[in-house]
$ cat protein31.cif   # mmCIF, C-alpha atoms and all ligand atoms
data_model
#
loop_
_atom_site.label_atom_id
_atom_site.label_comp_id
_atom_site.auth_asym_id
_atom_site.auth_seq_id
_atom_site.Cartn_x
_atom_site.Cartn_y
_atom_site.Cartn_z
CA MET A 1 -3.90 -24.33 4.77
CA ASP A 2 -6.79 -22.07 3.81
CA THR A 3 -6.81 -19.95 0.69
CA VAL A 4 -6.27 -16.21 1.06
CA LEU A 5 -8.64 -13.77 -0.62
CA VAL A 6 -6.80 -10.68 -1.85
CA THR A 7 -9.15 -7.78 -2.58
CA GLY A 8 -7.51 -5.28 -4.90
CA GLY A 9 -5.01 -7.98 -5.92
CA ALA A 10 -4.76 -6.52 -9.45
CA GLY A 11 -3.56 -3.24 -8.00
CA TYR A 12 -0.14 -1.98 -7.05
CA ILE A 13 0.33 -3.29 -3.50
CA GLY A 14 -2.15 -6.17 -3.73
CA SER A 15 -0.35 -7.67 -6.74
CA HIS A 16 2.94 -7.70 -4.80
CA ALA A 17 1.13 -9.41 -1.91
CA VAL A 18 -0.03 -12.11 -4.34
CA LEU A 19 3.59 -12.65 -5.41
CA ALA A 20 4.63 -12.88 -1.76
CA LEU A 21 1.85 -15.38 -1.03
CA ARG A 22 2.96 -17.57 -3.94
CA ALA A 23 6.57 -17.36 -2.77
CA ALA A 24 5.34 -18.55 0.64
CA GLY A 25 3.57 -21.47 -1.05
CA ARG A 26 0.09 -20.14 -0.28
CA ALA A 27 -3.00 -20.30 -2.47
CA ALA A 28 -4.58 -16.95 -3.32
CA VAL A 29 -7.71 -15.69 -5.08
CA VAL A 30 -8.03 -12.11 -6.29
CA LEU A 31 -11.23 -10.05 -6.14
CA ASP A 32 -10.84 -6.78 -8.02
CA ASP A 33 -13.21 -4.50 -9.95
CA LEU A 34 -10.31 -3.46 -12.24
CA SER A 35 -11.25 0.21 -11.80
CA THR A 36 -7.60 1.03 -11.15
CA GLY A 37 -5.98 -2.40 -11.20
CA ASP A 38 -4.78 -4.33 -14.21
CA ARG A 39 -5.44 -7.99 -14.89
CA LYS A 40 -1.94 -8.47 -16.30
CA LEU A 41 -0.55 -8.05 -12.78
CA VAL A 42 -2.38 -11.18 -11.60
CA PRO A 43 -0.30 -14.31 -12.24
CA ALA A 44 -1.91 -16.70 -14.73
CA ASP A 45 -2.36 -19.45 -12.12
CA VAL A 46 -4.18 -17.22 -9.60
CA PRO A 47 -7.99 -16.96 -10.05
CA LEU A 48 -9.19 -13.42 -10.71
CA ILE A 49 -12.82 -12.62 -9.91
CA VAL A 50 -13.88 -9.29 -11.35
CA GLY A 51 -16.36 -7.76 -8.95
CA ASP A 52 -17.20 -5.29 -6.23
CA ILE A 53 -16.20 -6.03 -2.62
CA ALA A 54 -19.41 -4.36 -1.47
CA ASP A 55 -21.47 -7.00 -3.29
CA GLY A 56 -22.17 -9.27 -0.32
CA GLU A 57 -23.77 -12.07 -2.34
CA GLN A 58 -20.87 -12.48 -4.75
CA THR A 59 -18.26 -12.20 -2.00
CA ALA A 60 -20.11 -14.68 0.21
CA SER A 61 -20.10 -17.37 -2.49
CA LEU A 62 -16.44 -16.69 -3.21
CA LEU A 63 -15.52 -17.08 0.47
CA HIS A 64 -17.41 -20.36 0.52
CA ASP A 65 -16.27 -21.78 -2.83
CA TYR A 66 -12.56 -21.12 -2.26
CA HIS A 67 -12.49 -22.03 1.48
CA ILE A 68 -11.17 -18.63 2.43
CA GLY A 69 -9.64 -18.40 5.91
CA THR A 70 -8.06 -14.95 5.61
CA VAL A 71 -8.98 -11.82 3.72
CA MET A 72 -6.23 -9.36 2.79
CA HIS A 73 -8.13 -6.18 2.02
CA PHE A 74 -6.27 -3.83 -0.34
CA ALA A 75 -9.13 -2.59 -2.54
CA GLY A 76 -9.80 1.10 -2.10
CA SER A 77 -9.08 4.61 -3.29
CA ILE A 78 -5.75 6.11 -2.23
CA ILE A 79 -5.18 9.59 -3.61
CA VAL A 80 -5.08 12.22 -0.87
CA PRO A 81 -5.90 15.34 -2.98
CA GLU A 82 -8.69 13.50 -4.79
CA SER A 83 -10.22 12.65 -1.41
CA VAL A 84 -10.26 16.35 -0.53
CA ALA A 85 -12.10 17.12 -3.78
CA ASP A 86 -14.47 14.13 -3.69
CA PRO A 87 -14.82 12.95 -0.08
CA LEU A 88 -17.95 10.90 -0.65
CA LYS A 89 -16.09 8.70 -3.13
CA TYR A 90 -13.67 7.85 -0.33
CA TYR A 91 -16.36 7.21 2.28
CA ARG A 92 -18.10 4.92 -0.25
CA ASN A 93 -15.10 3.04 -1.68
CA ASN A 94 -13.09 2.81 1.53
CA THR A 95 -15.44 2.99 4.51
CA ALA A 96 -18.85 1.76 3.32
CA ALA A 97 -17.45 -0.95 1.04
CA SER A 98 -15.18 -2.21 3.85
CA ARG A 99 -18.17 -2.35 6.18
CA ASN A 100 -19.97 -4.64 3.73
CA LEU A 101 -16.89 -6.81 3.27
CA ILE A 102 -16.34 -7.17 7.02
CA GLU A 103 -20.01 -8.07 7.50
CA THR A 104 -19.76 -10.72 4.78
CA CYS A 105 -16.66 -12.15 6.49
CA ILE A 106 -18.41 -12.30 9.86
CA LYS A 107 -21.45 -14.06 8.36
CA ALA A 108 -19.20 -16.54 6.54
CA GLY A 109 -17.07 -17.24 9.63
CA VAL A 110 -13.83 -15.87 8.13
CA GLY A 111 -11.63 -15.43 11.18
CA HIS A 112 -8.64 -13.42 9.89
CA PHE A 113 -8.57 -10.02 8.26
CA ILE A 114 -5.52 -8.01 7.19
CA PHE A 115 -6.34 -4.41 6.39
CA SER A 116 -4.43 -1.83 4.34
CA SER A 117 -4.48 1.22 6.56
CA THR A 118 -2.36 4.31 6.22
CA ALA A 119 -0.09 6.79 7.94
CA ALA A 120 -2.54 9.44 6.73
CA ILE A 121 -4.61 8.68 9.84
CA TYR A 122 -1.98 10.55 11.93
CA GLY A 123 -2.46 13.83 10.06
CA ASN A 124 0.31 16.23 11.10
CA PRO A 125 1.71 14.29 14.05
CA PRO A 126 3.14 16.16 17.04
CA THR A 127 6.41 14.19 16.92
CA ARG A 128 8.87 13.51 14.07
CA ILE A 129 8.65 9.76 14.50
CA VAL A 130 5.21 8.23 14.75
CA THR A 131 4.37 5.25 16.94
CA GLU A 132 1.05 3.43 16.99
CA GLN A 133 0.27 5.34 20.22
CA THR A 134 0.58 8.72 18.49
CA PRO A 135 -2.89 10.27 18.53
CA THR A 136 -4.80 9.83 15.29
CA ALA A 137 -5.94 13.10 13.69
CA PRO A 138 -6.44 12.77 9.92
CA ILE A 139 -6.30 15.93 7.82
CA SER A 140 -7.85 14.40 4.69
CA PRO A 141 -11.05 12.47 3.98
CA TYR A 142 -8.77 9.67 2.77
CA GLY A 143 -7.22 9.40 6.24
CA TRP A 144 -10.65 9.52 7.90
CA SER A 145 -12.07 6.88 5.57
CA LYS A 146 -9.31 4.46 6.61
CA LEU A 147 -9.45 5.35 10.31
CA MET A 148 -13.19 4.65 10.34
CA THR A 149 -12.50 1.20 8.95
CA GLU A 150 -9.88 0.57 11.65
CA GLN A 151 -12.50 1.53 14.23
CA MET A 152 -15.04 -0.87 12.70
CA LEU A 153 -12.50 -3.67 12.83
CA ALA A 154 -11.72 -2.99 16.50
CA ASP A 155 -15.43 -2.96 17.40
CA VAL A 156 -16.21 -6.07 15.36
CA ALA A 157 -13.25 -7.99 16.85
CA ALA A 158 -14.44 -7.04 20.35
CA ALA A 159 -17.94 -8.31 19.57
CA HIS A 160 -16.82 -11.50 17.76
CA PRO A 161 -13.96 -13.27 19.56
CA ALA A 162 -13.44 -15.66 16.61
CA PHE A 163 -12.52 -12.69 14.38
CA ARG A 164 -9.00 -11.26 14.62
CA TYR A 165 -7.41 -8.63 12.42
CA ILE A 166 -4.21 -6.76 11.71
CA ALA A 167 -4.36 -3.19 10.44
CA LEU A 168 -1.12 -2.28 8.70
CA ARG A 169 -0.58 1.46 8.57
CA TYR A 170 1.42 1.98 5.40
CA PHE A 171 3.76 4.91 5.11
CA ASN A 172 4.85 5.80 1.54
CA VAL A 173 4.90 2.70 -0.58
CA ALA A 174 7.22 2.82 -3.59
CA GLY A 175 9.38 0.77 -5.95
CA ALA A 176 8.45 -2.34 -7.89
CA ASP A 177 9.01 -6.09 -7.77
CA PRO A 178 12.80 -6.62 -8.10
CA ASP A 179 12.12 -9.28 -10.77
CA GLY A 180 9.89 -6.93 -12.77
CA ARG A 181 6.70 -8.97 -12.38
CA ALA A 182 4.63 -6.13 -10.89
CA GLY A 183 4.76 -2.41 -10.28
CA GLN A 184 2.70 0.75 -10.17
CA VAL A 185 -0.05 0.77 -12.80
CA THR A 186 -2.65 3.07 -11.28
CA PRO A 187 -3.90 5.44 -14.00
CA ASN A 188 -3.33 9.11 -13.16
CA ALA A 189 -1.08 8.13 -10.27
CA THR A 190 0.08 11.00 -8.09
CA HIS A 191 2.95 9.24 -6.31
CA LEU A 192 6.13 11.27 -6.13
CA ILE A 193 8.52 8.50 -7.18
CA LYS A 194 6.36 7.39 -10.10
CA LEU A 195 5.97 10.95 -11.40
CA ALA A 196 9.68 11.65 -10.96
CA CYS A 197 10.52 8.50 -12.95
CA GLU A 198 8.10 9.49 -15.72
CA THR A 199 9.81 12.89 -15.84
CA ALA A 200 13.25 11.27 -16.01
CA LEU A 201 12.04 9.22 -18.98
CA GLY A 202 10.83 12.34 -20.80
CA ARG A 203 7.13 11.53 -20.46
CA ARG A 204 6.54 14.67 -18.43
CA GLU A 205 8.00 18.12 -18.89
CA ALA A 206 9.03 18.58 -15.27
CA LEU A 207 8.50 17.39 -11.72
CA ASN A 208 6.46 19.77 -9.57
CA ILE A 209 7.82 20.21 -6.06
CA PHE A 210 4.64 20.85 -4.10
CA GLY A 211 5.67 23.34 -1.43
CA SER A 212 9.21 24.42 -0.63
CA ASP A 213 8.41 26.53 2.42
CA TYR A 214 7.62 23.76 4.89
CA PRO A 215 9.43 23.82 8.26
CA THR A 216 11.89 21.06 7.23
CA PRO A 217 15.66 21.29 6.51
CA ASP A 218 15.19 21.86 2.75
CA GLY A 219 11.64 23.22 2.89
CA THR A 220 9.98 20.17 1.29
CA CYS A 221 7.81 17.45 2.88
CA ILE A 222 9.41 14.39 4.41
CA ARG A 223 8.13 10.83 4.02
CA ASP A 224 9.20 7.31 4.96
CA TYR A 225 9.42 5.43 1.63
CA ILE A 226 9.02 1.66 2.02
CA HIS A 227 9.74 -0.82 -0.80
CA VAL A 228 6.51 -2.44 -1.93
CA SER A 229 8.05 -5.95 -1.76
CA ASP A 230 9.11 -5.44 1.87
CA LEU A 231 5.57 -4.27 2.59
CA ALA A 232 4.18 -7.37 0.87
CA ASP A 233 6.38 -9.50 3.15
CA ALA A 234 4.85 -7.75 6.17
CA HIS A 235 1.50 -9.19 5.06
CA ILE A 236 2.92 -12.71 5.12
CA CYS A 237 4.20 -12.08 8.65
CA ALA A 238 0.73 -10.82 9.59
CA LEU A 239 -0.88 -13.93 8.10
CA ASP A 240 1.48 -16.21 10.08
CA HIS A 241 0.73 -14.30 13.26
CA LEU A 242 -3.03 -14.62 12.90
CA GLU A 243 -2.87 -18.28 11.86
CA LYS A 244 -0.77 -19.08 14.93
CA GLY A 245 -3.52 -17.60 17.11
CA GLY A 246 -1.93 -14.17 17.64
CA ASP A 247 -3.94 -11.20 18.87
CA SER A 248 -5.37 -8.42 16.75
CA LEU A 249 -2.78 -5.71 16.14
CA VAL A 250 -2.36 -2.28 14.62
CA LEU A 251 1.14 -1.78 13.20
CA ASN A 252 3.11 0.92 11.42
CA CYS A 253 4.84 -0.12 8.19
CA GLY A 254 7.86 1.96 7.29
CA TYR A 255 11.63 1.89 7.74
CA GLY A 256 11.91 4.60 10.39
CA ARG A 257 13.78 7.18 8.33
CA GLY A 258 12.52 9.99 6.18
CA TYR A 259 13.53 11.59 2.90
CA SER A 260 12.45 14.99 1.62
CA VAL A 261 10.85 15.53 -1.78
CA ARG A 262 14.14 17.06 -2.97
CA GLN A 263 16.16 14.08 -1.72
CA VAL A 264 13.85 11.72 -3.60
CA ALA A 265 14.20 13.82 -6.77
CA GLU A 266 18.00 13.64 -6.39
CA ALA A 267 17.84 9.85 -6.04
CA VAL A 268 15.92 9.76 -9.33
CA ASP A 269 18.61 12.00 -10.89
CA ARG A 270 21.23 9.45 -9.79
CA ALA A 271 19.25 6.46 -11.10
CA ALA A 272 18.58 8.16 -14.44
CA GLY A 273 22.14 9.45 -14.76
CA LYS A 274 20.92 12.97 -15.49
CA PRO A 275 19.08 15.69 -13.55
CA LEU A 276 15.35 15.96 -14.07
CA ARG A 277 13.67 19.31 -14.53
CA LYS A 278 12.11 20.45 -11.26
CA LEU A 279 9.59 23.24 -10.78
CA GLU A 280 8.65 24.85 -7.51
CA ALA A 281 4.87 24.68 -7.16
CA PRO A 282 2.39 25.69 -4.42
CA ARG A 283 1.65 23.36 -1.52
CA ARG A 284 -0.76 20.51 -2.30
CA ALA A 285 -4.01 20.24 -0.28
CA GLY A 286 -4.02 17.68 2.53
CA ASP A 287 -0.23 17.11 2.69
CA PRO A 288 1.24 16.54 6.16
CA ILE A 289 4.71 18.05 6.71
CA GLU A 290 6.56 14.97 7.89
CA LEU A 291 5.57 11.31 8.34
CA VAL A 292 8.15 8.79 9.53
CA ALA A 293 7.27 5.43 11.10
CA ASP A 294 8.45 3.86 14.28
CA SER A 295 8.13 0.26 13.06
CA THR A 296 9.55 -1.43 16.17
CA ARG A 297 6.33 -3.33 16.78
CA LEU A 298 6.20 -4.69 13.23
CA ARG A 299 9.76 -5.96 13.61
CA ASP A 300 9.41 -7.26 17.20
CA LEU A 301 5.88 -8.65 17.23
CA LEU A 302 5.77 -10.05 13.68
CA GLY A 303 9.48 -10.74 13.09
CA TRP A 304 9.55 -8.58 9.95
CA HIS A 305 13.02 -8.19 8.42
CA PRO A 306 13.09 -5.73 5.51
CA ARG A 307 15.40 -6.72 2.65
CA LEU A 308 15.20 -3.66 0.41
CA ASP A 309 15.64 -0.67 2.76
CA ASP A 310 17.56 1.55 0.34
CA LEU A 311 16.13 4.63 -1.39
CA ASP A 312 18.40 4.24 -4.44
CA LEU A 313 17.24 0.64 -4.87
CA ILE A 314 13.57 1.62 -4.51
CA VAL A 315 14.00 4.31 -7.15
CA ARG A 316 15.95 2.00 -9.46
CA HIS A 317 13.20 -0.66 -9.34
CA ALA A 318 10.54 2.01 -9.98
CA LEU A 319 12.52 3.41 -12.91
CA GLU A 320 13.08 -0.04 -14.44
CA TRP A 321 9.34 -0.68 -14.24
CA GLU A 322 8.54 2.64 -15.91
CA GLU A 323 11.16 1.98 -18.60
CA ARG A 324 9.23 -1.14 -19.55
CA LYS A 325 6.05 1.03 -19.51
CA GLY A 326 4.54 -1.11 -16.79
CA VAL A 327 4.68 -4.35 -18.77
CA PRO A 328 5.41 -7.17 -16.33
CA VAL A 329 8.28 -9.55 -17.01
CA GLN A 330 6.75 -12.97 -17.66
CA ILE A 331 8.54 -15.72 -15.83
CA PRO A 332 8.28 -19.00 -17.80
CA ALA A 333 6.18 -21.66 -16.04
CA CYS A 334 9.19 -23.97 -15.45
CA PHE A 335 11.03 -21.20 -13.55
CA ARG A 336 7.82 -20.14 -11.84
CA ALA A 337 7.61 -23.53 -10.18
CA LEU A 338 11.17 -23.10 -8.92
CA ALA A 339 10.39 -19.60 -7.63
CA ILE A 340 7.54 -20.97 -5.50
C1 LIG A 401 0.94 8.51 0.22
C2 LIG A 401 -0.09 7.59 -0.32
C3 LIG A 401 -1.19 7.35 0.63
C4 LIG A 401 -0.59 6.92 1.94
C5 LIG A 401 0.30 8.01 2.45
C6 LIG A 401 0.89 7.66 3.79
C7 LIG A 401 -0.20 7.63 -2.68
C8 LIG A 401 -0.88 8.13 -3.90
N1 LIG A 401 -0.64 8.10 -1.54
O1 LIG A 401 0.46 9.81 0.19
O2 LIG A 401 -2.05 6.36 0.14
O3 LIG A 401 -1.59 6.65 2.83
O4 LIG A 401 1.35 8.16 1.51
O5 LIG A 401 1.80 8.59 4.19
O6 LIG A 401 0.70 6.82 -2.68
N2 LIG A 401 4.95 15.47 -4.33
C9 LIG A 401 5.56 16.45 -5.08
N3 LIG A 401 5.40 16.39 -6.44
C10 LIG A 401 4.68 15.42 -7.05
C11 LIG A 401 4.08 14.40 -6.27
C12 LIG A 401 4.24 14.46 -4.91
O7 LIG A 401 6.18 17.36 -4.54
O8 LIG A 401 4.58 15.45 -8.29
C13 LIG A 401 5.12 15.50 -2.86
C14 LIG A 401 3.80 15.56 -2.11
O9 LIG A 401 3.36 16.88 -1.98
C15 LIG A 401 4.19 14.91 -0.78
C16 LIG A 401 5.25 13.88 -1.19
O10 LIG A 401 5.72 14.29 -2.47
O11 LIG A 401 4.79 15.85 0.05
C17 LIG A 401 4.69 12.47 -1.29
O12 LIG A 401 3.52 12.52 -2.09
P1 LIG A 401 2.82 11.20 -2.65
O13 LIG A 401 3.82 10.32 -3.28
O14 LIG A 401 1.66 11.65 -3.46
O15 LIG A 401 2.32 10.45 -1.35
P2 LIG A 401 1.44 10.99 -0.11
O16 LIG A 401 0.53 12.08 -0.49
O17 LIG A 401 2.38 11.23 1.02
#

$ encode --input "protein31.cif" --output "C-alpha cells" --more "lines below"
Ligand code: UD1
Amino acid sequence: MDTVLVTGGAGYIGSHAVLALRAAGRAAVVLDDLSTGDRKLVPADVPLIVGDIADGEQTASLLHDYHIGTVMHFAGSIIVPESVADPLKYYRNNTAASRNLIETCIKAGVGHFIFSSTAAIYGNPPTRIVTEQTPTAPISPYGWSKLMTEQMLADVAAAHPAFRYIALRYFNVAGADPDGRAGQVTPNATHLIKLACETALGRREALNIFGSDYPTPDGTCIRDYIHVSDLADAHICALDHLEKGGDSLVLNCGYGRGYSVRQVAEAVDRAAGKPLRKLEAPRRAGDPIELVADSTRLRDLLGWHPRLDDLDLIVRHALEWEERKGVPVQIPACFRALAI
C-alpha cells in the first residue's frame, strides 16, 4: 500500500487524519509549514517535512521519495472573517497554493487526491438542509477560495483520467481526539466551541454571541457540528473508495442536524458545570444564517458510520483538551503498537 501525504498534518483536522491513518495501519508523511500547526501534534513515528505546499520542487521530491499514492490536502487558511479582511491571503494560501500542489501531483503521477472543502461554498443556502446539489454561492472569500479549488480538481480530473479526487465539504468541525492525542491548536482561533471552552475555563471574560436577531428560533446562527474524529474517519473511507477504483466525488460532511450558538453555549455550561458569561454582540461579517448537511451520500457511497454524533460529547472532548492547555496525551510506544 502506498504512503499517504498529509498536507497540514500538524494542524487541527490534519493531525486527526494522521491518527486515523495510523489506526487503519497506513503509512503517512506530513508536509506542513507550521504557520498555524504544531509539531507536537505529529506522532513521533510519522515523518514531518516543514515546507510550503506551493514549492513544487520540494513537494515533487517528497512524492517520489516516499512513494506517495494519495494526497490528503488539509493545508490552508480557514477563518471566515479574516478572509473578508484579507482576501488575497486566502486566494494565495488556498487557491494558488492548491493549484501548484495539484500540478505537482499530476506531473508526479499521483492518482488520488482528497481535498478539504467547506460548507462555506454554499453561502446562505435556499433550503435548511444542504445537499451536494444545492447551488454554490459563497458569501466570503474563504468560501470562494475553496470553491475555486474544487473547480480546478473537477477540470483536472476530466483532463487526466488517471487522476481521481474526493472533495469533502466540511460543516463545523469541533471536539478533540477522545484519547487526548490531538485537538485544536490554531493560534487566535475563532471557533465557537473553542472560545466557549476558553471562557468556561476563565481564560476569557465572556463569550460573544455574534448576532441574536437572525431569523432562527432563538435568533442565533445554526451550524452542523461534526466531531473531528468522525471527520477524520470520513477521510479513511474516501481513501478506500479511491484505492478501490471509485469515481471522483464531492460529499458533504456533517451529521444532518443543527444547533444554534445559544444551544452550543448551553452545552458548554453543562460540560463545565457552571454557566459561562455571554454577551450579545453585533453580527459577524460573512456569517451564513444556517448550515446543516445532508450527508446521505457520504454514508451511502462511502459507508461512513459516525461514532461520536453527540454535541455534549463533542463539547466535553474540546473542554478536556483546553483543560490540558492543548498538550497532547503521550501514549507510550508499547500501547501505541497495540492501538495500531
Ligand atoms: C466554520 C469554519 C470554516 C468552515 C465553516 C463551514 C472555523 C474557524 N471556520 O466557520 O472553516 O468552512 O465552519 O460551515 O472553524 N460565534 C459566536 N461567538 C464566537 C465565535 C463564533 O457567536 O465567539 C458564532 C459565529 O458567528 C457563527 C457560529 O458561532 O454563527 C460558528 O462560528 P465558527 O465556529 O467561527 O465557525 P464558522 O464561521 O461557521

$ residues_around --input "protein31.cif" --residues "region 12-14 of chain A" --least-positions-apart "4" --cutoff "9 Å" --atoms "only C-alpha atoms" --output "PyMOL selection string"
chain A and resi 6-8+18-19+30+37-38+41+72-75+173+176+182-186+228-229+231-232

$ residues_near_point --input "protein31.cif" --point "(2.3, -12.2, 5.1)" --cutoff "10 Å" --atoms "only C-alpha atoms" --output "ChimeraX atom specification"
/A:17-18,20-21,24,26,72,114,231-242,302,304

$ residues_around --input "protein31.cif" --residues "Leu34 (chain A)" --least-positions-apart "5" --cutoff "10 Å" --atoms "all atoms listed in the file" --output "PDB file with C-alpha atoms, in the coordinates of the input"
ATOM      1  CA  GLY A   8      -7.510  -5.280  -4.900  1.00  0.00           C
ATOM      2  CA  GLY A   9      -5.010  -7.980  -5.920  1.00  0.00           C
ATOM      3  CA  ALA A  10      -4.760  -6.520  -9.450  1.00  0.00           C
ATOM      4  CA  GLY A  11      -3.560  -3.240  -8.000  1.00  0.00           C
ATOM      5  CA  ARG A  39      -5.440  -7.990 -14.890  1.00  0.00           C
ATOM      6  CA  ILE A  49     -12.820 -12.620  -9.910  1.00  0.00           C
ATOM      7  CA  VAL A  50     -13.880  -9.290 -11.350  1.00  0.00           C
ATOM      8  CA  GLY A  51     -16.360  -7.760  -8.950  1.00  0.00           C
ATOM      9  CA  ASP A  52     -17.200  -5.290  -6.230  1.00  0.00           C
ATOM     10  CA  ALA A  75      -9.130  -2.590  -2.540  1.00  0.00           C
TER      11      ALA A  75
END

$ atom_distance --input "protein31.cif" --atom1 "CA of Ala120 (chain A)" --atom2 "atom O2 of ligand LIG 401 (chain A)"
7.3 Å

$ residues_near_ligand --input "protein31.cif" --ligand "ligand LIG 401 (chain A)" --cutoff "6 Å" --atoms "all atoms listed in the file" --output "list of chain:residue names"
A:Ile78, A:Ile79, A:Val80, A:Thr118, A:Ala119, A:Ala120, A:Tyr170, A:Phe171, A:Asn172, A:Thr190, A:His191, A:Leu192, A:Leu195, A:Leu207, A:Asn208, A:Ile209, A:Phe210, A:Cys221, A:Val261, A:Arg284, A:Asp287

$ atom_distance --input "protein31.cif" --atom1 "CA of Gly246 (chain A)" --atom2 "CA of Pro138 (chain A)"
28.4 Å

$ closest_residue --input "protein31.cif" --among "A:Val327, A:Val315, A:Ala54, A:Ala154" --to "Arg92 (chain A)" --atoms "only C-alpha atoms"
A:Ala54

$ closest_residue --input "protein31.cif" --among "A:Thr216, A:Ser61, A:Gln263, A:Ser248" --to "Arg128 (chain A)" --atoms "all atoms listed in the file"
A:Thr216

$ closest_residue --input "protein31.cif" --among "A:Gly123, A:Tyr214, A:Ile129, A:Leu279" --to "Thr199 (chain A)" --atoms "all atoms listed in the file"
A:Leu279
